[in-house]
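Q: Below: one structure in structure tokens.
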Protein chains: 2
Amino acid sequence: MIRLALAQINSVVGNLEGNRRKILQYIHQAQDLSADLVVFPELAVCGYPPEDLLFKDHFVQDNLKTLRALSREINGITVILGFVDRDKKGNIFNAAALVQDRTVRGIYHKQELPNYGVFDEKRYFMPGRETLCFRQNGIVFGVSICEDIWRHGPLLEKQIKQKLPMIVNLSASPYDYGKLERREKRLKDRARQMQAYVCYTNLVGGQDELVFDGGSMVINPQGRVIANAKPFEEDLVVLDLPLVPPGKKSRAPRGCIDLGVKTQTLKCALTPHKERRLPPLERVYRALVLGTRDYVRKNGFKKVLIGLSGGIDSSLVAALAAEAVGCENVVGVSMPSQYTSDGTRADARILAQNLKISFKEIPIDHIFQTYLDDLSPEFAGLPFDVAEENLQARIRGNILMKFSNKFGWLVLNTGNKSEIAVGYCTLYGDLAGGFAVIKDIPKTQVFQLARFINEREKVIPDSVLARAPSAELRYNQTDQDTLPPYPELDAVLKGYVEEHLSAVQLQKICRDKEKIKDIIIKVDKSEYKRRQSPPGIKISTRAFGKDWRLPITNGYRED
Amino acid sequence: MIRLALAQINSVVGNLEGNRRKILQYIHQAQDLSADLVVFPELAVCGYPPEDLLFKDHFVQDNLKTLRALSREINGITVILGFVDRDKKGNIFNAAALVQDRTVRGIYHKQELPNYGVFDEKRYFMPGRETLCFRQNGIVFGVSICEDIWRHGPLLEKQIKQKLPMIVNLSASPYDYGKLERREKRLKDRARQMQAYVCYTNLVGGQDELVFDGGSMVINPQGRVIANAKPFEEDLVVLDLPLVPPGKKSRAPRGCIDLGVKTQTLKCALTPHKERRLPPLERVYRALVLGTRDYVRKNGFKKVLIGLSGGIDSSLVAALAAEAVGCENVVGVSMPSQYTSDGTRADARILAQNLKISFKEIPIDHIFQTYLDDLSPEFAGLPFDVAEENLQARIRGNILMKFSNKFGWLVLNTGNKSEIAVGYCTLYGDLAGGFAVIKDIPKTQVFQLARFINEREKVIPDSVLARAPSAELRYNQTDQDTLPPYPELDAVLKGYVEEHLSAVQLQKICRDKEKIKDIIIKVDKSEYKRRQSPPGIKISTRAFGKDWRLPITNGYRED
């Protein structure tokens, strides 16, 4: 028997000292619960993904120093944790250290390096060639890191041949809305295929556009989840792993590190396994809240600032922000103009009251008129068009940024995925802000999330949900003057953005060829706006972030 | 004897039809000059780098259709050109096609895929496993693509063993200020090592942040350049390659494709080889001009707009723009405030006159005062600080964007590398613009370039060069109130940004530890601004673009 702990921690990229303290604290917690072995996530020491920090040799050295400092404090428990290793030639590896009795007993180098989607690991790391396995209390464990268990490569082949009864996997697997199901399926398949317990420890927390959703788990050789950690928060899962399953090799494979037998005095009984799976929409909500909270907190901000239009996007962002950082730390600013309806203007105020956030109202008409007057020598006689519309959005951006600059508050951007996809947004205007909370949420999902929030406590006024979406940059304007109805638009966008579908293939989603063509051109032509938009939380399988690398200069047009 | 042509063309990413026409036009030119063989750059059919367009199966298919269409028109000449190949499983390859008599006779798949710096080729392509060689007029040629000849990998090993007398390399090698020397050295080393002629065809032209500098060349087995193409423009180099060098294998290796003997009637004599190497500073200038011209042209803009402060950055950008797109297509807008000195205000106007560009002057004081008045309930009693400074920059950004939105002119951003490195710039203010011409030019180099331009024709007033740099956002402000002297700052920044040096290592460049620490913190803390800044031309070995992937949320601090 062995008592295993999975330490699902929220590392901060680059904060080696903070991560060291956190890791130590979790080791002590695991020891208090009599664990024999505690597993941390991938790159727990330096956070994930460290990106180009990895090119700094001093960063890698400092991470190694942190590992050594940690090792010196580890006693009476076996610890496996992720760090960056480095060989004498200066090659670096995404690695796991096996530490016992103040000593690094073994090191594993990740073999399968993801270089797709948001991942660029081949930019940094050399792939490993050696396996790592160890025996403790008579049980043999194999070690792998994240992608190693997703792909059927040479490592997996070898681990299957070795008939290991236990696989420890250190992960940093970011959330997207289908990820949990894909991940569980893959891990269950692997457990059955390897006839082994799979002990999967995932990172948790927000890091720029990524949210790691935690949900660490242990799966038995029959493919059943027998323990899991809380989603979207730090957690320590402790469980007793039973004896070696029948039919498994009892002898350790060659090169296996023997850690001996150390039975802990079991000071406590463990709580039984609980199902912790959340409904899909709640996961989206939790990802947005955690992603926002961590961006704010990890970047040292106290308060956030939101331009409240009285529309549904900014209402949703305000509600999310209040949950993420507390209503006392949210400031809403309404900036009405002559084109703002009385209804939306009132709704902005009501929303702020409902959420118990600070509220300011600053009309922009006077400033807008001053621009028009002062620029009239250049523009006299020309019709009111997108130039004047955008100017209003930019005045609002300026006002928000003045608060931000003066008081150090972070401006949360309120743009949704549908509008940033087709460029229905103003660069330096409503695209301004430090963090774009719902950047990867299509408009149709904005409505779903607003309703989800209202089901718990009604904070967003019904009129906000009922009103036809409008930018209110001229009289009687609605989004649908310019764009197809959102359900149609969002369906086409999903196909185009997330599934790489062609105009022809998109006709299965929307019959109107011209409409499809128009949407595609809008998406392609607004690449320059996205390039200058703030980062935001990845929710879909393909967000406008690290996994969207389209040229601005792009002459491709489908026939 | 064989007459070889290198077709150094300016492909547009994604513009398959335009690229097809251009390729055909160069094939006909080569035929007019009696060439037996013409070589095009890497991915000539679809442009380089196509980035995530490669995930669109229809894009890859359309590129294959383009290759087939081209093949059908090729007759009486052998053509080698780059395209994207695809196998039955859907894997794609960075490929070269060998076409003769309307038929694709052979295909090569690039083996060494760069995944460092600005390159992400492992994100897209599978590496090839097979070599391609062919014999024409009794001469055996081996084929490789770009990185294949930079790295000493299995392909190179094999080509050395095969004792091929001729190597054809298709490249898309972007410019940086030391690239030409590195490239020439590598190619000369390879020619000597392989005892072969190296026929190197490079792409030319701007593509978003990259400028391909051309400079295609043929190097003989003694390591001497015997032919080269013009730098920074399209060119067709034609030369007669002599007989097989002594000591070379006369028999073709196994699998060699025999294209037979077709001797052209030589209709013309060739111009002798000319040295075309430019001095380093002129190369920077040419890269900036070509990069700007191609961004403007390939994105369908006619006119550009520049905020002229009367300072050196905007003066330089205006001069570059006038050269790139013609003075008749450049509009300069001066937006003075109460903090603008009479000298700078006058210089903006004089510069515009010297450059013969349009000039507008729009004072911003009235608009600025309106903001201050209307926002005074929120900010009354607080001291004038960066919030008010930035507001001025943002008003200027708004005015430029109003012209851009109204008339469809592209705003050229005038920020230099030093200020964007340390965040001495205003998001949505002077960071606004569609394209950031001198984004990768440190301030010290801005002065060099200004002097270089004035040496040809004095357009930038002396007073612009003499005046201490200032943002003029309050009275008596200079950059050096906030920043170290530029020569010192730029030296530290080069070490930190381009060479990944640590604070300790930087002490070899600057003795003041506190100054170094301050610069590092400024760089790290302004990552969020760079993330929202416009793309600009890569000039250095590491620009703030695709090769700069630093986290915003970054807890790393050196001791």
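We label chains A, B, ... in the order they appear in the structure tokens, count residues from 1 in each chain, and number ligands from 1 in the order shown.
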Output as a PyMOL selection string all residues of range 96-129 of chain A that backbone DSSP marks as strand (DSSP E).
A: chain A and resi 96-100+103-109
Q: Any idea what's packed within 12 Å of Gly18 in chain B, counting only C-alpha atoms, ignoring anything in its chain fewer than 4 positions away? Could you give it as a list in words?
A: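 Returned residues: Asn554, Gly555, Tyr556 and Arg557 of chain A; Ile9, Asn10, Ser11, Val12, Val13, Gly14, Lys22, Ile23, Leu24, Gln25, Ala44, Val45, Cys46, Gly47, Asn63, Thr66, Leu70 and Lys298 of chain B.
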Q: Excluding same-chain residues fewer than 3 positions from range 386-394 of chain B, what lies within 8 Å of it counting only C-alpha atoms, as a list in words?
A: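 Non-adjacent residues within range: Asn398, Met401, Lys402, Phe403, Ser404, Asn405 and Lys406 of chain A; Ile364, Phe368, Gly397, Asn398, Thr426, Leu427, Tyr428, Gly429, Asp430, Leu473 and Arg474 of chain B.
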Q: When distances are computed from only C-alpha atoms, which of B:Lys439, B:Arg297, B:His500, B:Arg182 shows the smallest separation from chain A?
A: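 Going through B:Lys439, B:Arg297, B:His500, B:Arg182 one by one, the smallest distance to chain A is for B:His500.
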Q: Between B:Arg530, B:Arg129, B:Lys161, B:Arg251, which is the closest to Gly423 in chain B once you count only C-alpha atoms?
A: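 Smallest separation from Gly423 in chain B among the options: B:Arg530.
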Q: Could you list, as a count of residues only, every residue within 8 Å of range 232-238 of chain A, counting only C-alpha atoms and ignoring same-chain residues fewer than 2 positions away?
A: 27
Q: Between CA of Ile519 in chain A and CA of Asn476 in chain A, what is the distance in Å, rounded to a tenth?
A: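 Computing it gives 23.1 Å between the two atoms.
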Q: Figure out the distance between CA of Pro114 in chain B and CA of Asn115 in chain A, please, to one decimal in Å.
A: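 Distance reported for this atom pair: 12.4 Å.
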